[in-house]
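Asker: Have a look at this one before I ask anything.
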Amino acid sequence: MFDIDNFISQEENHSRYKRRIDFLLENNLYIESIEKAVASAVENIFEHKTRAFVIYGEPQSGKTEMMIALTARLLDEGFKIIIVLLNDNITLLNQNLERFRRSDIDPAPKNFTEILDPSVNIGNSEWIIFCKKNSKNLQQLISKLDNFQEKIIIDDEADYATPNSKINKNEKNKINELIEKLLGEKGTYIGVTATPARLDLNYTFENENDKWIDFSPHTFYTGQDVFFPMNYEELSSLSYNLDLLPDENDDPKYLREALFNFFINVARINLLAIKENKEEENYCMIIHTSGKNVDQANDYRETIKVLNILKDRDNKYFESYFKKIWEMSEKKYLGEEDNITKYIIKNISRNLPVVINSDKDISTGYYESATNPATLFTIAIGGNIISRGVTFKNLLSMFFTRDVKHKIQQDTYIQRARMFGSRQKYLPYFSLHIPKNSF
């Protein structure tokens, strides 16, 4: 006789969290902070009946991995619908959705657009749904899920767009209003952020700050204390390369020399790898412009100009550019300047400048070529889209252009490389080119 129960493993339905933790352990990744944050979240929901709380931690300290584990645990605990909200940024949505999918979590996460068709029946199945904090997107999601009550909302970068900016006027801004409607009367809100102050100040969704969870960084984390020391005197003992630029002079030579420095460090790292019979790796540099697309276009043209000269041996500047590279290599890595210069001459064509802004093709593959470098010398150029929450693998250099009128927000602009300690590996090669008034 056929009995469907013989084919359904109840144990399998409650082992997703364990599988994820086991995977992290097998890959020698740090799990203590993740386990603590997840356990505290479950305690908030089931023991304290907390409907809104915040998990806060340092920028780029592993919060996405924590959210994957938390989602797995919540599904194991019986929740059917987990909604992951992200900034209105297709790059960030695609990157996080891809990471969730590659974690092999069950069910496979969906972009909200994949469930809108009337033929898709939500029913009593389990769903992980990604959606941008965009009024149109949220309204569409609300229409689809309005009849389902016990939803969990995990709000990544929760301090952005979600807090009610009109609270002093006794009104609600649109995004805040729509997220509250999505929550409904029985939903649970979990805000995840590096800067939780606004969520507390605005009492967002009546979150209980005594139930907030501190997600501490992994043991190899390097963060704002390293990149933005409190005392100016500490700048003389940094563990990375810092180049302070004039505050109001945007001479192209500064960008050119920053590019040279990036090429030199990529060459040096890979030459050492080749010597140790290891494979070469691709690396990334960020050129952070203003939020104006015209500025990004200008920096793109300057970058292309430099690359074209370095590839053209008949160009009148070819020799002088490589002489400068040789001199910079000699100063940084005495005795290795010849090999480094030869490596760059041989491989300079393996480059990819990628402009990341709203005018560009927004396909996942396009931006993935920058965030997960597809070529030896990958150069990402952009402003607001890349300045919040996007992670760049093998990031070796950041160059900030344009006059910066205010000190750079540490949580927003520090972009770190691969999670779980790879920045520790590359920190001596990391270069930050930034206007002086940023400190």
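Residue names in the structure tokens use chain letters A, B, ... in the order shown, residue numbers from 1 in each chain, and ligand numbers from 1 in the order shown.
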Please provide the set of residues having any atom within 6 Å of segment 34-41 of chain A, restricted to only C-alpha atoms, with same-chain residues fewer than 3 positions apart removed, written as a PyMOL selection string.
Answerer: chain A and resi 31+44+66+70+215
Asker: Can you list every residue in segment 109-204 of chain A that DSSP puts in strand (DSSP E or B), as a PyMOL selection string?
Answerer: chain A and resi 110-111+127-132+151-156+188-193
Asker: Using only C-alpha atoms, determine which residues lie at most 9 Å from Ala72 of chain A, disregarding the query and same-chain residues fewer than 6 positions distant; provide the list as a PyMOL selection string.
Answerer: chain A and resi 14-18+20+105-106
Asker: Restricting the calculation to only C-alpha atoms, which member of A:Leu238, A:Thr303, A:Ile381, A:Ile348 is positioned closest to Asp225 of chain A?
Answerer: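 That would be A:Leu238, the residue with the smallest distance to Asp225 of chain A.
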Asker: Please return as a VMD selection string: the residues of segment 216-326 of chain A that backbone DSSP assigns to alpha helix (DSSP H).
Answerer: chain A and resid 224 to 227 252 to 275 293 to 311 318 to 326
Asker: Which residues, written as a compact mmCIF listing (two decimals) with C-alpha atoms, in the first residue's frame, have at least one atom at most 8 Å from Pro109 of chain A, with only C-alpha atoms counted and residues fewer than 2 positions away on the same chain left out?
Answerer:
# COMPACT_ATOMS: atom_id res chain seq x y z
CA LEU A 97 19.41 36.94 -3.24
CA PHE A 100 20.84 33.09 -0.10
CA ARG A 101 20.30 30.84 -3.11
CA ILE A 105 18.49 26.92 1.85
CA ASP A 106 15.12 25.26 1.41
CA PRO A 107 12.84 26.60 -0.05
CA ASN A 111 12.48 37.68 -6.00
CA TRP A 127 8.45 30.96 1.09
CA ILE A 128 11.55 33.15 1.29
CA ILE A 129 10.75 36.34 -0.59
CA PHE A 130 13.12 39.20 -1.43
Asker: Nearest to Phe112 of chain A: which of A:Asn94, A:Gln60, A:Phe23, A:Ala267 is it, counting only C-alpha atoms?
Answerer: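 Between A:Asn94, A:Gln60, A:Phe23, A:Ala267, the residue approaching Phe112 of chain A most closely is A:Asn94.
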Asker: Using only C-alpha atoms, pick whichever of A:Arg51, A:Ile21, A:Arg102, A:Leu334 has the shortest atom-to-atom distance to Arg73 of chain A.
Answerer: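 Looking only at the distances to Arg73 of chain A, the closest residue turns out to be A:Ile21.
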Asker: Name the closest residue to Ile345 of chain A among the candidates A:Tyr367, A:Phe2, A:Phe430, A:Phe318; distances are taken between atoms, counting only C-alpha atoms.
Answerer: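 Smallest distance to Ile345 of chain A is found for A:Phe318.
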Asker: Would you list the contacts of Phe377 of chain A as an mmCIF file with N, CA and C atoms, in the first residue's frame, taking every protein, DNA or RNA residue within 9 Å and counting only C-alpha atoms, but skipping same-chain residues closer than 2 positions in sequence?
Answerer:
data_model
loop_
_atom_site.group_PDB
_atom_site.id
_atom_site.type_symbol
_atom_site.label_atom_id
_atom_site.label_comp_id
_atom_site.auth_asym_id
_atom_site.auth_seq_id
_atom_site.Cartn_x
_atom_site.Cartn_y
_atom_site.Cartn_z
ATOM 1 N N PHE A 262 47.082 50.323 -7.456
ATOM 2 C CA PHE A 262 46.254 49.119 -7.496
ATOM 3 C C PHE A 262 46.898 48.053 -8.370
ATOM 4 N N PHE A 263 47.347 48.437 -9.564
ATOM 5 C CA PHE A 263 47.980 47.478 -10.473
ATOM 6 C C PHE A 263 49.224 46.857 -9.825
ATOM 7 N N VAL A 266 48.189 44.281 -7.096
ATOM 8 C CA VAL A 266 47.673 43.056 -7.715
ATOM 9 C C VAL A 266 48.840 42.221 -8.256
ATOM 10 N N ASN A 282 41.723 37.366 -9.106
ATOM 11 C CA ASN A 282 41.279 38.663 -9.610
ATOM 12 C C ASN A 282 40.991 39.594 -8.435
ATOM 13 N N TYR A 283 41.200 40.898 -8.652
ATOM 14 C CA TYR A 283 41.028 41.867 -7.576
ATOM 15 C C TYR A 283 40.229 43.076 -8.053
ATOM 16 N N CYS A 284 39.748 43.832 -7.068
ATOM 17 C CA CYS A 284 38.844 44.934 -7.376
ATOM 18 C C CYS A 284 39.324 46.241 -6.750
ATOM 19 N N MET A 285 39.069 47.322 -7.467
ATOM 20 C CA MET A 285 39.270 48.675 -6.966
ATOM 21 C C MET A 285 37.957 49.436 -7.115
ATOM 22 N N ASN A 347 49.936 41.810 -18.507
ATOM 23 C CA ASN A 347 48.553 41.475 -18.144
ATOM 24 C C ASN A 347 47.583 42.651 -18.124
ATOM 25 N N ILE A 348 48.029 43.847 -18.497
ATOM 26 C CA ILE A 348 47.175 45.022 -18.346
ATOM 27 C C ILE A 348 45.879 44.918 -19.158
ATOM 28 N N SER A 349 45.871 44.135 -20.211
ATOM 29 C CA SER A 349 44.650 43.990 -21.013
ATOM 30 C C SER A 349 43.571 43.188 -20.287
ATOM 31 N N ARG A 350 43.944 42.530 -19.208
ATOM 32 C CA ARG A 350 42.965 41.762 -18.420
ATOM 33 C C ARG A 350 42.276 42.697 -17.429
ATOM 34 N N ASN A 351 41.568 43.679 -17.978
ATOM 35 C CA ASN A 351 40.922 44.670 -17.116
ATOM 36 C C ASN A 351 39.439 44.776 -17.443
ATOM 37 N N LEU A 352 38.670 45.264 -16.473
ATOM 38 C CA LEU A 352 37.245 45.488 -16.685
ATOM 39 C C LEU A 352 36.777 46.660 -15.821
ATOM 40 N N PRO A 353 36.605 47.845 -16.418
ATOM 41 C CA PRO A 353 35.979 48.951 -15.676
ATOM 42 C C PRO A 353 34.454 48.788 -15.737
ATOM 43 N N PRO A 373 35.091 39.906 -8.682
ATOM 44 C CA PRO A 373 35.887 40.314 -9.850
ATOM 45 C C PRO A 373 36.038 39.231 -10.901
ATOM 46 N N ALA A 374 35.650 39.588 -12.128
ATOM 47 C CA ALA A 374 35.706 38.635 -13.239
ATOM 48 C C ALA A 374 37.017 38.728 -13.992
ATOM 49 N N THR A 375 37.772 39.791 -13.792
ATOM 50 C CA THR A 375 39.051 39.966 -14.479
ATOM 51 C C THR A 375 40.133 40.345 -13.468
ATOM 52 N N ILE A 379 37.672 47.292 -11.972
ATOM 53 C CA ILE A 379 37.532 48.647 -11.431
ATOM 54 C C ILE A 379 36.047 49.013 -11.416
#
Asker: For Thr195 of chain A, which residue out of A:Ile179, A:Gly57, A:Asn315, A:Leu271 is the nearest one, using only C-alpha atoms?
Answerer: A:Gly57
Asker: With only C-alpha atoms as the basis for distance, which of A:Ala273, A:Ile213, A:Leu310, A:Met398 is at the shortest distance from Phe322 of chain A?
Answerer: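 Among the listed residues, the smallest separation from Phe322 of chain A belongs to A:Leu310.
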Asker: When you look at Ile269 of chain A with a cut-off of 9 Å (counting only C-alpha atoms), what residues show up, excluding the ones that are within fewer than 3 positions of it in the same chain? I need them as a list of chain:residue names.
Answerer: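 Residues meeting the cut-off are A:Ile264, A:Asn265, A:Val266, A:Leu272, A:Ala273, A:Ile274, A:Glu280, A:Glu281, A:Tyr426, A:Tyr429.
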Asker: Kindly give the distance, in Å, that separates atom CA of Ile153 of chain A and atom CA of Glu177 of chain A, rounded to a single decimal.
Answerer: 14.2 Å
